[in-house]
Amino acid sequence: MIKKLALVATLALLTSACSGTMCKARGCKVVVSDSVVAAAAGTNAPVLFEFDSATLTPAGEAALAGYVDQLKNSDKSYTIVGYTDDMGSEEYNLGLSKRRAESTKAYFVKNGVDGKKLATVGKGETNFVASNDTAQGRAQNRRIEIETN
């Protein structure tokens with residue numbers, strides 16, 4: 001639970017300056033994953049994307065809605081990075097992670113964020129944040145990270 005709360009706390013760093021241990025050398029990072037959003041909502045249900053889908057769910061859109069104004073009003077640029085769990089082939093998951101990042105960008109652009117400020121990349125089943133041996137761990141690995149450039 002402490003890990004989830006720490007991840008939820010990082011969401012507030014989207015447009016703030018880096019400080020302390022939450023700062024990465026390449027810029028602040030916001031992690032939005034099924035488990036993080038679920039922890040914030042007090043549930044364990046996946047919310048960003050359906051399994052094997054790049055379409056944001058209504059709950060996923062609601063999770064991202066709080067960042068629209070921050071992104072619109074920021075003079076920074078961002079990279080939206082998509083990740084998957086390890087279910088499926090590496091090649092397929094790489095494509096799925098890219099489609100999820102693109103879907104997230106499309107949501108932001110549809111809501112008024114300048115698309116020129118948003119780059120996307122898919123990293124597939126890399127950089128796991130949890131074990132893929134459990135459903136909960138796989139949910140944590142299906143995530144979007146938004147990094148400042």
# chains A, B, ... in the order shown; residues from 1 in each chain; ligands from 1
>>> residues_around(residues="Leu94 (chain A)", least_positions_apart="6", cutoff="6 Å", atoms="only C-alpha atoms", output="list of chain:residue names")
A:Gly122, A:Lys123, A:Gly124
>>> write_last_selection(atoms="C-alpha atoms", output="PDB file, in the first residue's frame")
ATOM      1  CA  GLY A 122       5.866   2.391 -26.561  1.00  0.00           C
ATOM      2  CA  LYS A 123       8.204   0.292 -24.460  1.00  0.00           C
ATOM      3  CA  GLY A 124       6.156  -2.888 -24.382  1.00  0.00           C
TER       4      GLY A 124
END
>>> closest_atom_pairs(of="region 49-125 of chain A", to="region 138-143 of chain A", cutoff="6 Å", atoms="only C-alpha atoms", output="tab-separated table")
residue	atom	partner	partner_atom	distance
A:Tyr83	CA	A:Arg143	CA	5.3
A:Thr84	CA	A:Arg142	CA	4.3
A:Asp85	CA	A:Asn141	CA	5.1
>>> write_last_selection(atoms="C-alpha atoms", output="compact mmCIF listing (two decimals), in the first residue's frame")
# COMPACT_ATOMS: atom_id res chain seq x y z
CA TYR A 83 3.93 -0.16 -21.11
CA THR A 84 2.28 -3.59 -21.00
CA ASP A 85 2.46 -6.71 -18.87
>>> closest_atom_pairs(of="region 90-129 of chain A", to="region 58-67 of chain A", cutoff="12 Å", atoms="only C-alpha atoms", output="CSV")
residue,atom,partner,partner_atom,distance
A:Arg100,CA,A:Gly60,CA,11.3
A:Ser103,CA,A:Glu61,CA,10.3
A:Thr104,CA,A:Leu64,CA,8.3
A:Lys105,CA,A:Leu64,CA,10.4
A:Ala106,CA,A:Glu61,CA,11.0
A:Tyr107,CA,A:Glu61,CA,7.5
A:Phe108,CA,A:Leu64,CA,8.1
A:Val109,CA,A:Ala65,CA,11.6
A:Lys110,CA,A:Ala65,CA,11.2
A:Asn111,CA,A:Ala65,CA,8.6
A:Gly112,CA,A:Ala65,CA,11.2
A:Val113,CA,A:Tyr67,CA,9.8
>>> write_last_selection(atoms="N, CA and C atoms", output="short mmCIF file (atom, residue, chain, number, x, y, z; two decimals), in the first residue's frame")
data_model
loop_
_atom_site.label_atom_id
_atom_site.label_comp_id
_atom_site.auth_asym_id
_atom_site.auth_seq_id
_atom_site.Cartn_x
_atom_site.Cartn_y
_atom_site.Cartn_z
N ARG A 100 -1.36 2.50 -26.93
CA ARG A 100 -1.89 3.08 -25.68
C ARG A 100 -1.34 4.48 -25.45
N SER A 103 -3.18 6.69 -27.88
CA SER A 103 -4.55 6.90 -27.43
C SER A 103 -4.60 7.94 -26.32
N THR A 104 -3.64 7.90 -25.43
CA THR A 104 -3.56 8.89 -24.36
C THR A 104 -3.29 10.28 -24.93
N LYS A 105 -2.38 10.36 -25.89
CA LYS A 105 -2.10 11.65 -26.54
C LYS A 105 -3.36 12.16 -27.23
N ALA A 106 -4.05 11.30 -27.95
CA ALA A 106 -5.27 11.71 -28.66
C ALA A 106 -6.31 12.26 -27.68
N TYR A 107 -6.42 11.65 -26.53
CA TYR A 107 -7.34 12.16 -25.51
C TYR A 107 -6.96 13.58 -25.11
N PHE A 108 -5.68 13.80 -24.83
CA PHE A 108 -5.24 15.13 -24.42
C PHE A 108 -5.46 16.15 -25.53
N VAL A 109 -5.13 15.80 -26.77
CA VAL A 109 -5.30 16.72 -27.90
C VAL A 109 -6.79 17.04 -28.10
N LYS A 110 -7.63 16.02 -28.00
CA LYS A 110 -9.08 16.22 -28.13
C LYS A 110 -9.60 17.21 -27.09
N ASN A 111 -8.90 17.28 -25.97
CA ASN A 111 -9.32 18.16 -24.89
C ASN A 111 -8.51 19.45 -24.82
N GLY A 112 -7.85 19.81 -25.94
CA GLY A 112 -7.24 21.13 -26.06
C GLY A 112 -5.76 21.25 -25.80
N VAL A 113 -5.07 20.15 -25.53
CA VAL A 113 -3.63 20.22 -25.32
C VAL A 113 -2.95 20.25 -26.69
#
>>> residues_around(residues="Gly88 (chain A)", least_positions_apart="5", cutoff="10 Å", atoms="only C-alpha atoms", output="VMD selection string")
chain A and resid 52 93 125
>>> write_last_selection(atoms="N, CA and C atoms", output="PDB file, in the first residue's frame")
ATOM      1  N   ASP A  52      -5.987  -6.004 -23.496  1.00  0.00           N
ATOM      2  CA  ASP A  52      -5.683  -6.127 -24.925  1.00  0.00           C
ATOM      3  C   ASP A  52      -6.330  -5.016 -25.753  1.00  0.00           C
ATOM      4  N   ASN A  93       3.155  -6.762 -27.804  1.00  0.00           N
ATOM      5  CA  ASN A  93       3.081  -5.838 -26.669  1.00  0.00           C
ATOM      6  C   ASN A  93       3.771  -4.509 -26.958  1.00  0.00           C
ATOM      7  N   GLU A 125       6.806  -4.633 -22.920  1.00  0.00           N
ATOM      8  CA  GLU A 125       6.920  -5.330 -21.643  1.00  0.00           C
ATOM      9  C   GLU A 125       8.305  -5.155 -21.038  1.00  0.00           C
TER      10      GLU A 125
END
>>> atom_distance(atom1="CA of Leu118 (chain A)", atom2="CA of Tyr78 (chain A)")
5.0 Å
>>> atom_distance(atom1="CA of Leu96 (chain A)", atom2="CA of Asn132 (chain A)")
16.9 Å
>>> residues_around(residues="Ala119 (chain A)", least_positions_apart="6", cutoff="9 Å", atoms="only C-alpha atoms", output="ChimeraX atom specification")
/A:77-81,101-102,105
